[in-house]
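*Asks:* Here it is, the structure, as structure tokens.
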Amino acid sequence: MPTTANPVREHYEQLPYPPAITNLDAFRDGRQTCDGCPAHFFHLYWPHRPYRDDLDILVAGCGTSQAAKIATLMPRARVLGIDLSRTALDATRRLKDAYGLERLELAPLAIEDVATLDRQFDFILSTGALHHTPDPAESLAALRSVLRDDGAMHLMVYATHGRAGVTMLQAYCRQVAVTTEPDELAALGVALERLAPDHPIRVFAHRTPDLADAIGRADALLTPIEHTFTADGVHDWLAAAGLRFDRWFLQAPYLPSCGFVARTPHATRLATLPPAAQAAAVELLRGTLITHTVATRPAAATPPTLVLDPADDRFGHQVPLMFPGVAIDRGPDGVVVGHGNHREADLALPLTNAEAAVLDAIDGSRSVDDLVASAGARDAGRRLFVRLWEHDAILLRTPDAA
């Protein structure tokens, strides 16, 4: 890794984020998932392929524990975690040693220098890191260069519009020269407590606990390099790196058919827009998205043959799987289905008891048409599965992925 001064490295050497942990038992025992990990989301990336657990995985900007979590969840995978911060890597190394993660490797490396590894990967995960690189376009191109042609990536970057209050307070901190010293971070916390209830930062504060502690405040407001992206900007960024947009990891916040957006007079008009324009418009209407998380693959790769038109018989042949993290609230008159990671409360999907019975019958082996046959209304049943897919309640895999 280059030895020249790097302000981002220096920041995370002093204040590694997230804070280090010492216990991975919940991951080892299967009680907890790691967002994006193929152990649970394989068919989100490869709906047309049988499950594999022996992947070559790169965790780019792995922080204090992310690579160790993935290595714990996928003990047969070969996992490499890279990060600028040796402090973060040391925390991960302690987990590696404590849990005997023999297939986990760690390296101090900038994302833009990843080609020096001279390796190729089936899967690359990078969350919360690319937006801190000097040139995210260069960094993404570097990741693409080490991704196999049939591989996939899971990427999270900061969103522009929902972080407007963050941008304001970052500028404030620069104006008054707030530093990362403990007393400065404590004083910043006091200042934040005094903000008006309708300050723009509240959009961010209601969706993440980061401002509640000193390290989180430093990560949100004092990092020396940060870029943000609009939804359509994400599409452009991927395309420039030779990548194809597959889907938003959680897609309901971007769809005109979900939540309050579906009940607006513009819902029908929004639905006529191309998918990228839909997402851009809905992001503007919501104004509350603070991150964008996307699944992507090389543009030259053959796209998955997933069919999403309920009128197409191939849709009925696909097999639904429960989306990890789904929350089901049961009542006497029906159920409400949501996803635990949806930050927007309006995205819950109400179901009748009859519809809930179809949802409950999902077992990972029966097709859509098999599941709706007992309900006696094939077309309505297929439309139900479209709604479940749109609201992040299910994934779909093709019949040949068994």
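Chain lettering (A, B, ...) mirrors the order of the structure tokens, residue numbering begins at 1 for each chain separately, and ligand numbering begins at 1 in order of display.
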Would you give me, as a PyMOL selection string, the residues in segment 333-399 of chain A that DSSP reads as helix (DSSP H, G or I)?
*Replies:* chain A and resi 345-347+353-360+368-373+378-390+399
*Asks:* Residues of segment 155-195 of chain A that approach segment 280-286 of chain A to 12 Å or less, counting only C-alpha atoms: could you list each one with the shortest pair of atoms and its distance in Å to one decimal, rows by chain and increasing residue number, as a Markdown table?
*Replies:*
| residue | atom | partner | partner_atom | distance |
| --- | --- | --- | --- | --- |
| A:Ala159 | CA | A:Glu283 | CA | 9.4 |
| A:Thr160 | CA | A:Glu283 | CA | 9.6 |
| A:His161 | CA | A:Leu284 | CA | 7.2 |
| A:Gly162 | CA | A:Arg286 | CA | 8.5 |
| A:Arg163 | CA | A:Glu283 | CA | 12.0 |
*Asks:* Quick one: residues within 9 Å of Leu396 of chain A, only C-alpha atoms, excluding same-chain residues fewer than 4 positions away - as a short mmCIF file (atom, residue, chain, number, x, y, z; two decimals) with C-alpha atoms, in the first residue's frame?
*Replies:*
data_model
loop_
_atom_site.label_atom_id
_atom_site.label_comp_id
_atom_site.auth_asym_id
_atom_site.auth_seq_id
_atom_site.Cartn_x
_atom_site.Cartn_y
_atom_site.Cartn_z
CA HIS A 43 -30.30 -16.02 -5.13
CA LEU A 44 -30.66 -12.25 -5.02
CA PRO A 47 -31.43 -16.35 -9.18
CA LEU A 306 -35.79 -13.87 -13.88
CA GLN A 318 -40.21 -19.68 -10.39
CA VAL A 319 -39.65 -20.58 -6.75
CA PRO A 320 -40.17 -17.96 -4.03
CA LEU A 321 -37.85 -17.75 -1.03
CA MET A 322 -38.44 -15.66 2.06
CA TRP A 389 -41.39 -9.32 -4.41
#
*Asks:* Determine, for each residue of segment 280-343 of chain A having at least one atom at most 10 Å from an atom of segment 234-240 of chain A, the closest pair of atoms and their separation in Å to one decimal, counting only C-alpha atoms; order by chain and ascending number, as JSON lines.
*Replies:*
{"residue": "A:Ala280", "atom": "CA", "partner": "A:Val234", "partner_atom": "CA", "distance": 9.7}
{"residue": "A:His292", "atom": "CA", "partner": "A:Val234", "partner_atom": "CA", "distance": 8.0}
{"residue": "A:Thr293", "atom": "CA", "partner": "A:Val234", "partner_atom": "CA", "distance": 9.4}
{"residue": "A:Val294", "atom": "CA", "partner": "A:Val234", "partner_atom": "CA", "distance": 8.6}
{"residue": "A:Thr296", "atom": "CA", "partner": "A:Leu238", "partner_atom": "CA", "distance": 7.9}
{"residue": "A:Arg297", "atom": "CA", "partner": "A:Leu238", "partner_atom": "CA", "distance": 9.2}
{"residue": "A:Pro298", "atom": "CA", "partner": "A:Leu238", "partner_atom": "CA", "distance": 9.3}
{"residue": "A:Ala299", "atom": "CA", "partner": "A:Ala239", "partner_atom": "CA", "distance": 7.7}
*Asks:* Within 8 Å of segment 210-230 of chain A, which residues of segment 99-169 of chain A come that close, and what is the closest atom pair and distance in Å for each? Count only C-alpha atoms and give it as a tab-separated table.
*Replies:*
residue	atom	partner	partner_atom	distance
A:His131	CA	A:His227	CA	4.8
A:His132	CA	A:Glu226	CA	4.8
A:Thr133	CA	A:Ile225	CA	6.9
A:Pro134	CA	A:Ile225	CA	6.9
A:Pro136	CA	A:His227	CA	7.9
A:Val157	CA	A:Thr228	CA	7.0
A:Tyr158	CA	A:Thr228	CA	4.9
A:Ala159	CA	A:Phe229	CA	4.9
A:Thr160	CA	A:Thr228	CA	5.0
A:His161	CA	A:Thr230	CA	7.2
A:Val166	CA	A:Leu221	CA	6.7
A:Thr167	CA	A:Leu221	CA	7.9
A:Leu169	CA	A:Leu221	CA	6.7
